[in-house]
Amino acid sequence: MDWLQFLPLSLDRISVWIGVLCTLAIYSLLYRENPIYRFFEHMYIGLAAGYSLGPLGVDILYRYWIEPIWIQGYWAWAFVVPYGMYLYFIFSERYGWMSRIVIGTLIGASAGLFFQEFSSRYLPQLNSTLQKPLWVGSANPDLTYGMVINNFLFVIILLSVLTYFTFSYEQRGPVKRVAIWGRWFLMIGLGAIFGNTVMARMALLIGRIYYLLNDWLMIRVGGG
Amino acid sequence: MSYQHAQDNWFAAIVIGFIALAVLLNILRARMGAQLYIRRIPGLDAIDEAIGRSTELGRPVTMIPGLTAFGVVAVQALTIFKYITKQIARFATPMRLLSADATVFAVAQEAIADAYNEAGRPDLYDADNIRFLSDRQFAFASGVAGLIQRERVAASFMFGEFYAESLIFAETGNMVGAIQIAGTVSFTQVPFFVAACDYTIIGDEFYATSAYLSREPVLLGSLVGQDIAKLLFALTAVGGVIASTIAGTDAPIIKLLGQPGGWEAFWSSLGGGGGQ
């Protein structure tokens, strides 16, 4: 290894060294909480707060407020930010009630938008559920026995999981047994999600290790 | 064509209207004093157990609403945190509520102050215990992980919407030996909580938890209304599966039940020439 290339003597190398320092400092939490982690944690939070100002100004205030008013001429938007700033009255004992107007608007808007979201998210799922024929016949000529088994499993799992997620009556007898089956099916599904995501997290870890080996220690691995 | 507007698919509008009616009627019933039954969720018993352990050890309880933006999920999470705060106020157990959303943070301060007042211990309320860390996902995660480690929390409650940071919280809590109870509507994060927490409240159980703990008529009525909606969905699914088995998946009745433009297709098949 060329030691001069390894040392932080150029701008690129300084940036790599800083990246490595941050990575190792944050990973040090895996051993125990320590002053180095604490310093980098606070620095990270501070940087994030500073960084947030950029998107706040460019992606929100400019795009949704300044541009519509000054460029597109929608002057009514001028009232939006003062209205939103009512939220700051939450810190005033006397005028705290004014912040609740904004909070009420936010809750109302999120509830109203959910109606729209419900249609576009759940209705297609419901319709897809209906298209699960359970028998090979003239009405469904393209259906195979494999698909029929798949459809049977789908309907059984759907109904048992749906039963598990009902709360307004006491589950006993056969209903309880169906709900227990629902819970088992759910756990099998969650296990599959877990395995899949662990693989994705391993890929992230490999990315970091690759950075340490390849970019920092300059040990060429994985054909990179 | 989409599902966004009623004229795209009238079945969607009817379903939403039915659910809204079921919810509203049950809220009305609850308000008029009807005793609506909600079955107990197993994870709820663990809340008192976790609080008891924190009190014995004299170490704090953390409450984390995740990355929840202010809305329905945040309100439900704060309802649960209010219940927990009322319980810990009885024993003067220290607490920390860590937020990633400025609005949730502001409302949480008020909700927690209310909880201490309702518990008769307003003197225990300290605004510094409700903290806004960062609205950046992993900056928030590192802040929470650091606090859990530094303060060696005895119990950690995570209720709300979580994303990739969920396992960081749960694993850090696990490392310090905290009793952890999590509940989330973010289905992809449930497996991590199941793996790393002592008790996990899954999906819709989250809504049931807040209704059960608060006994609020609005939440109770909503939950019963949702159960009616689930029954409607189950019946529609069974009916639809039978219909698609007998008449095929392209049958007009299948299109009617939820496909954009299905209403017109159904009426055309009956010779009505369109439903508008």
# chains A, B, ... in the order shown; residues from 1 in each chain; ligands from 1
$ residues_around --residues "B:Ile27" --least-positions-apart "5" --cutoff "12 Å" --atoms "only C-alpha atoms" --output "list of chain:residue names"
B:Ala20, B:Leu21, B:Ala22, B:Met32, B:Gly33, B:Ala34, B:Gln35, B:Leu36, B:Ala211, B:Arg215, B:Glu216, B:Pro217, B:Val218, B:Leu219, B:Leu220, B:Gly221, B:Ser222, B:Leu223, B:Val224, B:Gly225, B:Gln226
$ interface_residues --of "chain B" --to "chain A" --cutoff "7 Å" --atoms "only C-alpha atoms" --output "PyMOL selection string"
chain B and resi 3-4+12+37-39+71-72+134+136+139+142-143+146+149-150+188+191-192+204+224+227+230+234+237+240-241+244-249+254+257-259
$ closest_residue --among "B:Ala178, B:Tyr207, B:Asn117, B:Trp263" --to "B:Arg152" --atoms "only C-alpha atoms"
B:Ala178
$ atom_distance --atom1 "atom CA of A:Phe89" --atom2 "atom CA of B:Ala108"
14.8 Å
$ select_by_dssp --residues "stretch 6-212 of chain A" --states "alpha helix (DSSP H)" --output "number ranges by chain"
A: 6, 11-27, 35-55, 80-84, 96-130, 145-164, 173-210
$ select_by_dssp --residues "stretch 143-255 of chain B" --states "strand (DSSP E or B)" --output "list in words"
Ala155, Ser156, Phe157, Met158, Phe159, Gly160, Glu161, Ile179, Gln180, Ile181, Ala182, Gly183, Thr184, Tyr199, Thr200, Ile201 and Ile202 of chain B
$ write_last_selection --atoms "C-alpha atoms" --output "PDB file, in the first residue's frame"
ATOM      1  CA  ALA B 155     -39.219   0.091  29.973  1.00  0.00           C
ATOM      2  CA  SER B 156     -39.701   1.256  26.428  1.00  0.00           C
ATOM      3  CA  PHE B 157     -43.064   1.821  24.785  1.00  0.00           C
ATOM      4  CA  MET B 158     -43.105   2.262  21.031  1.00  0.00           C
ATOM      5  CA  PHE B 159     -46.468   3.109  19.533  1.00  0.00           C
ATOM      6  CA  GLY B 160     -47.030   4.773  16.183  1.00  0.00           C
ATOM      7  CA  GLU B 161     -45.576   4.575  12.698  1.00  0.00           C
ATOM      8  CA  ILE B 179     -39.068  -4.441  28.952  1.00  0.00           C
ATOM      9  CA  GLN B 180     -40.315  -3.388  25.551  1.00  0.00           C
ATOM     10  CA  ILE B 181     -43.864  -3.139  24.289  1.00  0.00           C
ATOM     11  CA  ALA B 182     -44.444  -2.022  20.731  1.00  0.00           C
ATOM     12  CA  GLY B 183     -47.496  -1.454  18.608  1.00  0.00           C
ATOM     13  CA  THR B 184     -47.496  -0.236  15.060  1.00  0.00           C
ATOM     14  CA  TYR B 199     -44.846  -7.837  23.646  1.00  0.00           C
ATOM     15  CA  THR B 200     -46.044  -6.627  20.292  1.00  0.00           C
ATOM     16  CA  ILE B 201     -49.383  -5.169  19.396  1.00  0.00           C
ATOM     17  CA  ILE B 202     -50.001  -5.906  15.745  1.00  0.00           C
TER      18      ILE B 202
END
$ residues_around --residues "B:Thr93" --least-positions-apart "4" --cutoff "8 Å" --atoms "only C-alpha atoms" --output "number ranges by chain"
B: 51, 54-55, 58-61, 88-89
$ atom_distance --atom1 "atom CA of B:Val194" --atom2 "atom CA of B:Phe206"
14.1 Å
$ closest_residue --among "A:Gly96, A:Leu205, A:Gly112, A:Met218" --to "A:Leu7" --atoms "only C-alpha atoms"
A:Met218
$ closest_residue --among "B:Leu98, B:Ile47, B:Tyr116, B:Phe11" --to "B:Phe266" --atoms "only C-alpha atoms"
B:Phe11
$ decode --residues "stretch 108-121 of chain A" --atoms "N, CA and C atoms" --output "short mmCIF file (atom, residue, chain, number, x, y, z; two decimals), in the first residue's frame"
data_model
loop_
_atom_site.label_atom_id
_atom_site.label_comp_id
_atom_site.auth_asym_id
_atom_site.auth_seq_id
_atom_site.Cartn_x
_atom_site.Cartn_y
_atom_site.Cartn_z
N GLY A 108 -58.55 17.17 10.87
CA GLY A 108 -59.65 17.10 9.91
C GLY A 108 -59.15 16.75 8.52
N ALA A 109 -58.04 17.42 8.13
CA ALA A 109 -57.49 17.16 6.78
C ALA A 109 -57.01 15.72 6.67
N SER A 110 -56.33 15.23 7.72
CA SER A 110 -55.80 13.87 7.62
C SER A 110 -56.93 12.86 7.60
N ALA A 111 -58.02 13.14 8.37
CA ALA A 111 -59.16 12.22 8.35
C ALA A 111 -59.85 12.25 6.98
N GLY A 112 -59.99 13.47 6.42
CA GLY A 112 -60.65 13.60 5.12
C GLY A 112 -59.86 12.92 4.01
N LEU A 113 -58.54 13.13 4.05
CA LEU A 113 -57.69 12.53 3.01
C LEU A 113 -57.71 11.00 3.10
N PHE A 114 -57.95 10.50 4.33
CA PHE A 114 -57.95 9.05 4.49
C PHE A 114 -59.10 8.41 3.72
N PHE A 115 -60.22 9.14 3.60
CA PHE A 115 -61.36 8.62 2.83
C PHE A 115 -60.91 8.33 1.40
N GLN A 116 -60.17 9.30 0.83
CA GLN A 116 -59.70 9.16 -0.55
C GLN A 116 -58.68 8.02 -0.64
N GLU A 117 -57.79 7.98 0.35
CA GLU A 117 -56.75 6.95 0.37
C GLU A 117 -57.38 5.57 0.49
N PHE A 118 -58.46 5.50 1.27
CA PHE A 118 -59.13 4.22 1.47
C PHE A 118 -59.58 3.63 0.14
N SER A 119 -60.18 4.49 -0.69
CA SER A 119 -60.67 4.01 -2.00
C SER A 119 -59.53 3.50 -2.86
N SER A 120 -58.46 4.29 -2.93
CA SER A 120 -57.40 3.90 -3.86
C SER A 120 -56.52 2.79 -3.32
N ARG A 121 -56.48 2.62 -1.97
CA ARG A 121 -55.60 1.59 -1.44
C ARG A 121 -56.33 0.26 -1.22
#
